[in-house]
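Text of query.pdb, listed as PDB, C-alpha atoms and all ligand atoms:
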```
ATOM      1  CA  MET A   1       0.000   0.000   0.000
ATOM      2  CA  ASP A   2       1.475   3.404  -0.844
ATOM      3  CA  ALA A   3       1.246   6.338   1.543
ATOM      4  CA  PHE A   4      -1.759   7.930  -0.185
ATOM      5  CA  ASP A   5      -3.697   4.640  -0.266
ATOM      6  CA  ALA A   6      -3.071   4.202   3.447
ATOM      7  CA  ILE A   7      -4.395   7.712   4.132
ATOM      8  CA  ALA A   8      -7.368   7.257   1.792
ATOM      9  CA  THR A   9      -8.522   3.928   3.236
ATOM     10  CA  LYS A  10      -7.680   4.148   6.941
ATOM     11  CA  LEU A  11     -10.611   4.534   9.284
ATOM     12  CA  GLU A  12     -10.657   4.610  13.071
ATOM     13  CA  THR A  13     -11.014   1.142  14.545
ATOM     14  CA  ARG A  14     -12.720   0.751  17.907
ATOM     15  CA  GLN A  15     -13.754  -2.887  17.745
ATOM     16  CA  PHE A  16     -10.953  -5.380  17.720
ATOM     17  CA  ASP A  17     -10.499  -9.053  16.954
ATOM     18  CA  LYS A  18      -8.932 -11.248  19.630
ATOM     19  CA  LYS A  19      -6.127 -12.286  17.266
ATOM     20  CA  GLU A  20      -2.670 -11.599  18.684
ATOM     21  CA  VAL A  21      -0.576  -8.891  17.032
ATOM     22  CA  SER A  22       3.073  -9.858  16.573
ATOM     23  CA  ARG A  23       5.928  -8.212  18.433
ATOM     24  CA  ASP A  24       7.423  -7.205  15.072
ATOM     25  CA  VAL A  25       4.337  -5.130  14.310
ATOM     26  CA  LYS A  26       4.427  -3.477  17.740
ATOM     27  CA  ARG A  27       8.095  -2.645  17.288
ATOM     28  CA  LYS A  28       7.464  -1.224  13.808
ATOM     29  CA  VAL A  29       4.613   0.948  15.109
ATOM     30  CA  LEU A  30       6.886   2.371  17.815
ATOM     31  CA  GLU A  31       9.702   2.804  15.285
ATOM     32  CA  ALA A  32       7.324   4.904  13.175
ATOM     33  CA  ALA A  33       6.807   7.177  16.183
ATOM     34  CA  ARG A  34      10.536   7.351  16.838
ATOM     35  CA  LEU A  35      11.272   8.333  13.228
ATOM     36  CA  THR A  36       8.692  11.129  13.132
ATOM     37  CA  GLY A  37      10.041  14.671  13.057
ATOM     38  CA  SER A  38       9.279  16.923  16.021
ATOM     39  CA  SER A  39       9.565  20.648  16.677
ATOM     40  CA  ASN A  40      13.313  21.525  16.554
ATOM     41  CA  ASN A  41      13.896  17.770  16.667
ATOM     42  CA  THR A  42      13.305  17.967  20.425
ATOM     43  CA  GLN A  43      11.838  14.438  20.557
ATOM     44  CA  HIS A  44      10.256  15.414  23.852
ATOM     45  CA  TRP A  45       7.668  12.660  23.535
ATOM     46  CA  ARG A  46       7.608   9.397  25.407
ATOM     47  CA  PHE A  47       5.547   6.315  24.501
ATOM     48  CA  ILE A  48       4.314   3.672  26.909
ATOM     49  CA  LEU A  49       3.502   0.334  25.279
ATOM     50  CA  LEU A  50       0.688  -1.517  27.037
ATOM     51  CA  GLU A  51       0.376  -5.207  26.211
ATOM     52  CA  ASP A  52      -0.696  -6.702  29.484
ATOM     53  CA  ALA A  53      -4.503  -7.076  29.669
ATOM     54  CA  LYS A  54      -4.384  -5.613  33.182
ATOM     55  CA  SER A  55      -2.679  -2.442  31.937
ATOM     56  CA  ILE A  56      -5.079  -2.113  28.999
ATOM     57  CA  ASN A  57      -8.079  -2.527  31.307
ATOM     58  CA  CYS A  58      -6.622   0.077  33.626
ATOM     59  CA  LEU A  59      -6.207   2.490  30.679
ATOM     60  CA  ALA A  60      -9.832   1.838  29.693
ATOM     61  CA  GLU A  61     -10.970   2.622  33.241
ATOM     62  CA  ASP A  62      -8.960   5.856  33.255
ATOM     63  CA  ALA A  63     -10.397   6.870  29.865
ATOM     64  CA  THR A  64     -13.310   9.294  29.682
ATOM     65  CA  THR A  65     -13.653   9.143  25.876
ATOM     66  CA  GLY A  66     -12.105   5.799  24.942
ATOM     67  CA  PRO A  67     -13.537   2.936  26.990
ATOM     68  CA  TRP A  68     -13.462   0.850  23.778
ATOM     69  CA  VAL A  69      -9.690   0.512  24.242
ATOM     70  CA  LYS A  70     -10.504  -2.376  26.588
ATOM     71  CA  GLY A  71     -10.841  -4.611  23.512
ATOM     72  CA  ALA A  72      -7.489  -3.613  21.983
ATOM     73  CA  ASN A  73      -4.663  -6.081  21.585
ATOM     74  CA  PHE A  74      -2.166  -3.431  22.625
ATOM     75  CA  ALA A  75      -2.169   0.268  23.337
ATOM     76  CA  VAL A  76       0.287   3.144  23.286
ATOM     77  CA  LEU A  77       0.041   6.025  25.714
ATOM     78  CA  ILE A  78       1.680   9.162  24.325
ATOM     79  CA  LEU A  79       3.263  11.660  26.692
ATOM     80  CA  ALA A  80       4.600  15.056  25.691
ATOM     81  CA  ASN A  81       6.332  18.079  27.147
ATOM     82  CA  PRO A  82       3.889  21.012  27.114
ATOM     83  CA  GLN A  83       6.808  23.511  27.356
ATOM     84  CA  VAL A  84       7.727  22.711  23.746
ATOM     85  CA  ASN A  85       6.095  25.010  21.181
ATOM     86  CA  GLY A  86       3.614  23.082  19.086
ATOM     87  CA  TYR A  87       3.877  19.966  21.208
ATOM     88  CA  MET A  88       0.425  18.786  20.194
ATOM     89  CA  ILE A  89       1.395  18.999  16.510
ATOM     90  CA  ASP A  90       4.320  16.701  17.325
ATOM     91  CA  VAL A  91       1.983  14.303  19.085
ATOM     92  CA  GLY A  92      -0.447  14.364  16.165
ATOM     93  CA  ARG A  93       2.286  13.605  13.643
ATOM     94  CA  ALA A  94       3.700  10.719  15.666
ATOM     95  CA  LEU A  95       0.336   9.133  16.257
ATOM     96  CA  GLN A  96      -0.712   9.454  12.641
ATOM     97  CA  ASP A  97       2.547   7.789  11.567
ATOM     98  CA  MET A  98       1.853   4.975  14.035
ATOM     99  CA  GLN A  99      -1.720   4.558  12.794
ATOM    100  CA  LEU A 100      -0.731   4.503   9.116
ATOM    101  CA  THR A 101       2.141   2.090   9.729
ATOM    102  CA  ALA A 102      -0.247  -0.242  11.538
ATOM    103  CA  TRP A 103      -2.928   0.123   8.840
ATOM    104  CA  ASN A 104      -0.430  -0.817   6.147
ATOM    105  CA  LEU A 105       0.136  -4.060   8.070
ATOM    106  CA  GLY A 106      -3.593  -4.792   8.379
ATOM    107  CA  ILE A 107      -3.890  -3.511  11.952
ATOM    108  CA  GLY A 108      -6.595  -1.034  12.915
ATOM    109  CA  SER A 109      -6.275   1.623  15.581
ATOM    110  CA  GLY A 110      -8.216   4.326  17.356
ATOM    111  CA  ILE A 111      -7.161   7.458  19.192
ATOM    112  CA  PHE A 112      -8.624   8.984  22.311
ATOM    113  CA  THR A 113      -7.684  12.035  24.311
ATOM    114  CA  GLY A 114     -10.013  12.090  27.319
ATOM    115  CA  PHE A 115      -8.531  10.802  30.562
ATOM    116  CA  ASN A 116      -9.022  11.019  34.253
ATOM    117  CA  GLN A 117      -5.647  12.763  34.471
ATOM    118  CA  ASP A 118      -4.832  12.252  38.153
ATOM    119  CA  LYS A 119      -5.692   8.574  38.074
ATOM    120  CA  LEU A 120      -3.807   8.018  34.832
ATOM    121  CA  ARG A 121      -0.698   9.780  36.159
ATOM    122  CA  GLN A 122      -0.724   7.600  39.222
ATOM    123  CA  ASP A 123      -1.480   4.329  37.431
ATOM    124  CA  PHE A 124       1.229   4.740  34.789
ATOM    125  CA  ALA A 125       3.882   6.622  36.825
ATOM    126  CA  ILE A 126       3.768   9.661  34.519
ATOM    127  CA  PRO A 127       6.344  12.291  35.515
ATOM    128  CA  GLN A 128       5.111  15.808  36.334
ATOM    129  CA  ASN A 129       6.957  17.476  33.415
ATOM    130  CA  LEU A 130       5.030  15.439  30.840
ATOM    131  CA  VAL A 131       1.335  15.434  29.967
ATOM    132  CA  PRO A 132      -0.647  12.451  28.746
ATOM    133  CA  ALA A 133      -1.571  13.820  25.310
ATOM    134  CA  ALA A 134      -3.334  10.898  23.628
ATOM    135  CA  ALA A 135      -3.661   7.145  23.630
ATOM    136  CA  LEU A 136      -4.008   4.671  20.779
ATOM    137  CA  GLY A 137      -5.568   1.233  20.883
ATOM    138  CA  PHE A 138      -4.443  -1.276  18.243
ATOM    139  CA  GLY A 139      -5.611  -4.650  16.994
ATOM    140  CA  TYR A 140      -6.930  -6.543  14.018
ATOM    141  CA  PRO A 141     -10.278  -4.937  13.121
ATOM    142  CA  ALA A 142     -13.299  -6.992  14.228
ATOM    143  CA  VAL A 143     -15.240  -5.604  11.290
ATOM    144  CA  LYS A 144     -13.574  -4.978   7.942
ATOM    145  CA  LYS A 145     -14.033  -1.287   7.175
ATOM    146  CA  SER A 146     -13.333   0.417   3.891
ATOM    147  CA  GLY A 147     -12.172   3.943   3.137
ATOM    148  CA  LYS A 148     -15.186   4.265   0.850
ATOM    149  CA  LYS A 149     -17.190   4.967   3.989
ATOM    150  CA  LYS A 150     -15.157   8.038   4.841
ATOM    151  CA  LYS A 151     -17.324  11.026   5.645
ATOM    152  CA  ARG A 152     -15.328  14.036   4.551
ATOM    153  CA  ASN A 153     -16.150  17.435   3.095
ATOM    154  CA  PRO A 154     -15.415  17.883  -0.622
ATOM    155  CA  LEU A 155     -12.088  19.499  -1.535
ATOM    156  CA  ASN A 156     -13.643  22.651  -2.992
ATOM    157  CA  GLN A 157     -15.275  23.350   0.380
ATOM    158  CA  ILE A 158     -12.046  23.255   2.350
ATOM    159  CA  ALA A 159      -9.245  24.312   0.001
ATOM    160  CA  TYR A 160      -8.826  27.505  -2.016
ATOM    161  CA  SER A 161      -6.539  28.906  -4.668
ATOM    162  CA  GLU A 162      -4.255  31.875  -3.903
ATOM    163  CA  LYS A 163      -6.591  33.502  -1.381
ATOM    164  CA  PHE A 164      -9.336  32.545   0.981
ATOM    165  CA  GLY A 165     -12.602  31.777  -0.735
ATOM    166  CA  GLN A 166     -11.193  31.648  -4.288
ATOM    167  CA  ALA A 167     -12.156  28.446  -6.055
ATOM    168  CA  LEU A 168      -9.565  25.789  -6.811
ATOM    169  CA  ALA A 169      -9.073  24.941 -10.468
ATOM    170  CA  LEU A 170      -7.798  21.383  -9.941
TER     171      LEU A 170
HETATM  172  C1  LIG B   1      -7.367  15.248  18.028
HETATM  173  C2  LIG B   1      -8.325  14.082  17.983
HETATM  174  C3  LIG B   1      -8.951  13.646  19.142
HETATM  175  C4  LIG B   1      -9.805  12.526  19.100
HETATM  176  N1  LIG B   1     -10.367  12.091  20.268
HETATM  177  C5  LIG B   1     -11.125  10.985  20.243
HETATM  178  C6  LIG B   1     -11.628  10.455  21.458
HETATM  179  O1  LIG B   1     -11.387  11.013  22.536
HETATM  180  N2  LIG B   1     -12.370   9.319  21.396
HETATM  181  C7  LIG B   1     -12.631   8.679  20.214
HETATM  182  O2  LIG B   1     -13.291   7.641  20.234
HETATM  183  N3  LIG B   1     -12.187   9.179  19.021
HETATM  184  C8  LIG B   1     -11.428  10.296  19.017
HETATM  185  N4  LIG B   1     -10.910  10.788  17.848
HETATM  186  C9  LIG B   1     -11.191  10.103  16.564
HETATM  187  C10 LIG B   1     -12.146  10.901  15.673
HETATM  188  O3  LIG B   1     -13.451  10.738  16.157
HETATM  189  C11 LIG B   1     -11.969  10.386  14.245
HETATM  190  O4  LIG B   1     -10.705  10.803  13.772
HETATM  191  C12 LIG B   1     -13.032  10.929  13.283
HETATM  192  O5  LIG B   1     -14.317  10.587  13.719
HETATM  193  C13 LIG B   1     -12.835  10.390  11.881
HETATM  194  O6  LIG B   1     -12.925   8.993  11.916
HETATM  195  P1  LIG B   1     -12.766   8.132  10.553
HETATM  196  O7  LIG B   1     -11.370   8.390  10.023
HETATM  197  O8  LIG B   1     -12.966   6.708  10.963
HETATM  198  O9  LIG B   1     -13.787   8.634   9.599
HETATM  199  C14 LIG B   1     -10.067  11.875  17.870
HETATM  200  C15 LIG B   1      -9.407  12.325  16.711
HETATM  201  C16 LIG B   1      -8.550  13.392  16.764
HETATM  202  C17 LIG B   1      -7.834  13.817  15.503
END
```
The structure in this file should be written as structure tokens.
Amino acid sequence: MDAFDAIATKLETRQFDKKEVSRDVKRKVLEAARLTGSSNNTQHWRFILLEDAKSINCLAEDATTGPWVKGANFAVLILANPQVNGYMIDVGRALQDMQLTAWNLGIGSGIFTGFNQDKLRQDFAIPQNLVPAAALGFGYPAVKKSGKKKKRNPLNQIAYSEKFGQALAL
């Protein structure tokens, strides 16, 4: 799958199959995060891999907007340094690279950003200088989804030529 095909077909996955994901895939997903560029190459992010069912259940309990992560085969908790300018852009780039890398290997994933912060910090020993920015749940999709179902606005509604509001001629 080329990069555009991965972007065009990838949908959020929140229902996962029980099938085990290999360690090679998990490593590759984390490598994708590692290789992502960050603001001034600060690489302020940290990633916690959760494979143990107990840890994943704990993450699900600490989630306010992602209880579905309970069904994931593995999860990654993304921490970032809020002192770095644009730190959430860095987080977004890393997580998208992880999601697309996984998708290319047939693994679905979903993001969530709502946590019970105090509980999460305590449960996962998160240092004070970092914030839990997002979490991703990964696994083989329980239901095969296709990019054809993507609900997105048409290009001419969101992109312009030369100045705001001027129609694209593509
Ligand atoms: C910054 C951001 C925060 C998100 N937070 C959540 C979340 O807390 N819980 C959740 O289930 N999905 C979350 N999502 C996933 C979005 O709902 C999803 O990207 C959107 O619905 C498009 O899904 P699709 O690609 O499957 O069409 C988040 C996505 C982004 C980019």
Which residues, named as in the file, does the PyMOL selection byres (((chain A and resi 143-159) around 8) and not hetatm) pick out? Answer as a CSV table (one decimal) with C-alpha atoms, in the coordinates of the input.
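Wrote selection-v1.csv, looks like this:
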```csv
chain,number,residue,atom,x,y,z
A,8,ALA,CA,-7.4,7.3,1.8
A,9,THR,CA,-8.5,3.9,3.2
A,10,LYS,CA,-7.7,4.1,6.9
A,11,LEU,CA,-10.6,4.5,9.3
A,15,GLN,CA,-13.8,-2.9,17.7
A,16,PHE,CA,-11.0,-5.4,17.7
A,141,PRO,CA,-10.3,-4.9,13.1
A,142,ALA,CA,-13.3,-7.0,14.2
A,160,TYR,CA,-8.8,27.5,-2.0
A,161,SER,CA,-6.5,28.9,-4.7
A,167,ALA,CA,-12.2,28.4,-6.1
A,168,LEU,CA,-9.6,25.8,-6.8
```
With 10 Å as the cut-off and all atoms listed in the file counted, what is the closest atom pair between each nearby residue of chain A and ligand LIG 1 (chain B)? Distances in Å to one decimal, ordered by chain and number, as a Markdown table.
```
| residue | atom | partner | partner_atom | distance |
| --- | --- | --- | --- | --- |
| A:Ile7 | CA | B:LIG1 | O7 | 9.2 |
| A:Ala8 | CA | B:LIG1 | O7 | 9.2 |
| A:Thr9 | CA | B:LIG1 | O7 | 8.6 |
| A:Lys10 | CA | B:LIG1 | O7 | 6.4 |
| A:Leu11 | CA | B:LIG1 | O8 | 3.6 |
| A:Glu12 | CA | B:LIG1 | O8 | 3.8 |
| A:Thr13 | CA | B:LIG1 | O8 | 6.9 |
| A:Arg14 | CA | B:LIG1 | O2 | 7.3 |
| A:Ala63 | CA | B:LIG1 | O1 | 8.5 |
| A:Thr64 | CA | B:LIG1 | O1 | 7.6 |
| A:Thr65 | CA | B:LIG1 | O1 | 4.4 |
| A:Gly66 | CA | B:LIG1 | N2 | 5.0 |
| A:Pro67 | CA | B:LIG1 | O2 | 8.2 |
| A:Trp68 | CA | B:LIG1 | O2 | 7.7 |
| A:Val69 | CA | B:LIG1 | O2 | 8.9 |
| A:Met88 | CA | B:LIG1 | C1 | 8.8 |
| A:Ile89 | CA | B:LIG1 | C1 | 9.7 |
| A:Val91 | CA | B:LIG1 | C1 | 9.5 |
| A:Gly92 | CA | B:LIG1 | C1 | 7.2 |
| A:Leu95 | CA | B:LIG1 | C17 | 9.4 |
| A:Gln96 | CA | B:LIG1 | C17 | 8.8 |
| A:Ser109 | CA | B:LIG1 | O8 | 9.6 |
| A:Gly110 | CA | B:LIG1 | N3 | 6.5 |
| A:Ile111 | CA | B:LIG1 | C8 | 5.1 |
| A:Phe112 | CA | B:LIG1 | O1 | 3.4 |
| A:Thr113 | CA | B:LIG1 | O1 | 4.2 |
| A:Gly114 | CA | B:LIG1 | O1 | 5.1 |
| A:Phe115 | CA | B:LIG1 | O1 | 8.5 |
| A:Ala133 | CA | B:LIG1 | C1 | 9.4 |
| A:Ala134 | CA | B:LIG1 | C3 | 7.7 |
| A:Ala135 | CA | B:LIG1 | O1 | 8.7 |
| A:Leu136 | CA | B:LIG1 | C8 | 9.5 |
| A:Lys145 | CA | B:LIG1 | O8 | 8.9 |
| A:Ser146 | CA | B:LIG1 | O8 | 9.5 |
| A:Gly147 | CA | B:LIG1 | O9 | 8.1 |
| A:Lys148 | CA | B:LIG1 | O9 | 9.9 |
| A:Lys149 | CA | B:LIG1 | O9 | 7.5 |
| A:Lys150 | CA | B:LIG1 | O9 | 5.0 |
| A:Lys151 | CA | B:LIG1 | O9 | 5.8 |
| A:Arg152 | CA | B:LIG1 | O9 | 7.6 |
```
Same residues, C-alpha atoms, output as a PDB file, keeping the file's coordinate frame:
```
ATOM      1  CA  ILE A   7      -4.395   7.712   4.132  1.00  0.00           C
ATOM      2  CA  ALA A   8      -7.368   7.257   1.792  1.00  0.00           C
ATOM      3  CA  THR A   9      -8.522   3.928   3.236  1.00  0.00           C
ATOM      4  CA  LYS A  10      -7.680   4.148   6.941  1.00  0.00           C
ATOM      5  CA  LEU A  11     -10.611   4.534   9.284  1.00  0.00           C
ATOM      6  CA  GLU A  12     -10.657   4.610  13.071  1.00  0.00           C
ATOM      7  CA  THR A  13     -11.014   1.142  14.545  1.00  0.00           C
ATOM      8  CA  ARG A  14     -12.720   0.751  17.907  1.00  0.00           C
ATOM      9  CA  ALA A  63     -10.397   6.870  29.865  1.00  0.00           C
ATOM     10  CA  THR A  64     -13.310   9.294  29.682  1.00  0.00           C
ATOM     11  CA  THR A  65     -13.653   9.143  25.876  1.00  0.00           C
ATOM     12  CA  GLY A  66     -12.105   5.799  24.942  1.00  0.00           C
ATOM     13  CA  PRO A  67     -13.537   2.936  26.990  1.00  0.00           C
ATOM     14  CA  TRP A  68     -13.462   0.850  23.778  1.00  0.00           C
ATOM     15  CA  VAL A  69      -9.690   0.512  24.242  1.00  0.00           C
ATOM     16  CA  MET A  88       0.425  18.786  20.194  1.00  0.00           C
ATOM     17  CA  ILE A  89       1.395  18.999  16.510  1.00  0.00           C
ATOM     18  CA  VAL A  91       1.983  14.303  19.085  1.00  0.00           C
ATOM     19  CA  GLY A  92      -0.447  14.364  16.165  1.00  0.00           C
ATOM     20  CA  LEU A  95       0.336   9.133  16.257  1.00  0.00           C
ATOM     21  CA  GLN A  96      -0.712   9.454  12.641  1.00  0.00           C
ATOM     22  CA  SER A 109      -6.275   1.623  15.581  1.00  0.00           C
ATOM     23  CA  GLY A 110      -8.216   4.326  17.356  1.00  0.00           C
ATOM     24  CA  ILE A 111      -7.161   7.458  19.192  1.00  0.00           C
ATOM     25  CA  PHE A 112      -8.624   8.984  22.311  1.00  0.00           C
ATOM     26  CA  THR A 113      -7.684  12.035  24.311  1.00  0.00           C
ATOM     27  CA  GLY A 114     -10.013  12.090  27.319  1.00  0.00           C
ATOM     28  CA  PHE A 115      -8.531  10.802  30.562  1.00  0.00           C
ATOM     29  CA  ALA A 133      -1.571  13.820  25.310  1.00  0.00           C
ATOM     30  CA  ALA A 134      -3.334  10.898  23.628  1.00  0.00           C
ATOM     31  CA  ALA A 135      -3.661   7.145  23.630  1.00  0.00           C
ATOM     32  CA  LEU A 136      -4.008   4.671  20.779  1.00  0.00           C
ATOM     33  CA  LYS A 145     -14.033  -1.287   7.175  1.00  0.00           C
ATOM     34  CA  SER A 146     -13.333   0.417   3.891  1.00  0.00           C
ATOM     35  CA  GLY A 147     -12.172   3.943   3.137  1.00  0.00           C
ATOM     36  CA  LYS A 148     -15.186   4.265   0.850  1.00  0.00           C
ATOM     37  CA  LYS A 149     -17.190   4.967   3.989  1.00  0.00           C
ATOM     38  CA  LYS A 150     -15.157   8.038   4.841  1.00  0.00           C
ATOM     39  CA  LYS A 151     -17.324  11.026   5.645  1.00  0.00           C
ATOM     40  CA  ARG A 152     -15.328  14.036   4.551  1.00  0.00           C
TER      41      ARG A 152
END
```
**OP:** Would you translate the PyMOL selection byres (((chain A and resi 49) around 7) and not hetatm) into the concrete set of residues it matches in this file, as a list in words?
**Re:**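 The output of the PyMOL selection byres (((chain A and resi 49) around 7) and not hetatm) on this file is Phe47, Ile48, Leu50, Glu51, Ala75, Val76 and Leu77 of chain A.
Residue nearest Pro132 in chain A, chosen from A:Val21, A:Ile78, A:Ala33, A:Ala3 and counting all atoms listed in the file: A:Ile78.
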**OP:** Just say which residues the PyMOL selection byres (((chain A and resi 126) around 12) and not hetatm) picks in this file, as number ranges by chain.
**Re:** A: 46-48, 77-81, 117-125, 127-133
Please define a box with edges along x, y and z of the file around all atoms of range 116-123 of chain A given in the file, extend it by 5 Å on each side, and return its centre and edge lengths in Å to one decimal, as lines of an AutoDock Vina configuration file.
```
center_x = -4.9
center_y = 8.5
center_z = 36.7
size_x = 18.3
size_y = 18.4
size_z = 15.0
```
Original post:
Do you have the CA of Glu61 in chain A-CA of Lys18 in chain A distance handy?
Top reply: 19.5 Å
Subject >> Counting only C-alpha atoms, the option among A:Ile56, A:Asn73, A:Asp62, A:Ser39 closest to Arg23 in chain A >> reply: A:Asn73
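The space between CA of Gly139 in chain A and CA of Arg34 in chain A spans 20.1 Å.
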**OP:** Name the closest residue to Ser38 in chain A among the candidates A:Phe4, A:Phe164, A:Phe138, A:Tyr87; distances are taken between atoms, counting all atoms listed in the file.
**Re:** A:Tyr87
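With only C-alpha atoms as the basis for measurement, A:Phe74 is the residue among A:Glu162, A:Arg93, A:Asn57, A:Phe74 that approaches Val25 in chain A most closely.
CA of Gln83 in chain A to CA of Thr36 in chain A spans 19.0 Å [interatomic distance, one decimal].
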Original post:
Which residue, A:Asn41, A:Gln166, A:Ser22, A:Asn104, has the smallest gap to Val84 in chain A when you use only C-alpha atoms?
Top reply: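 The shortest atom-to-atom distance to Val84 in chain A comes from A:Asn41.
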Original post:
Nearest to Ala32 in chain A among A:Lys163, A:Asp97, A:Leu170, A:Gly137, with distances taken over only C-alpha atoms: which residue is it?
Top reply: A:Asp97
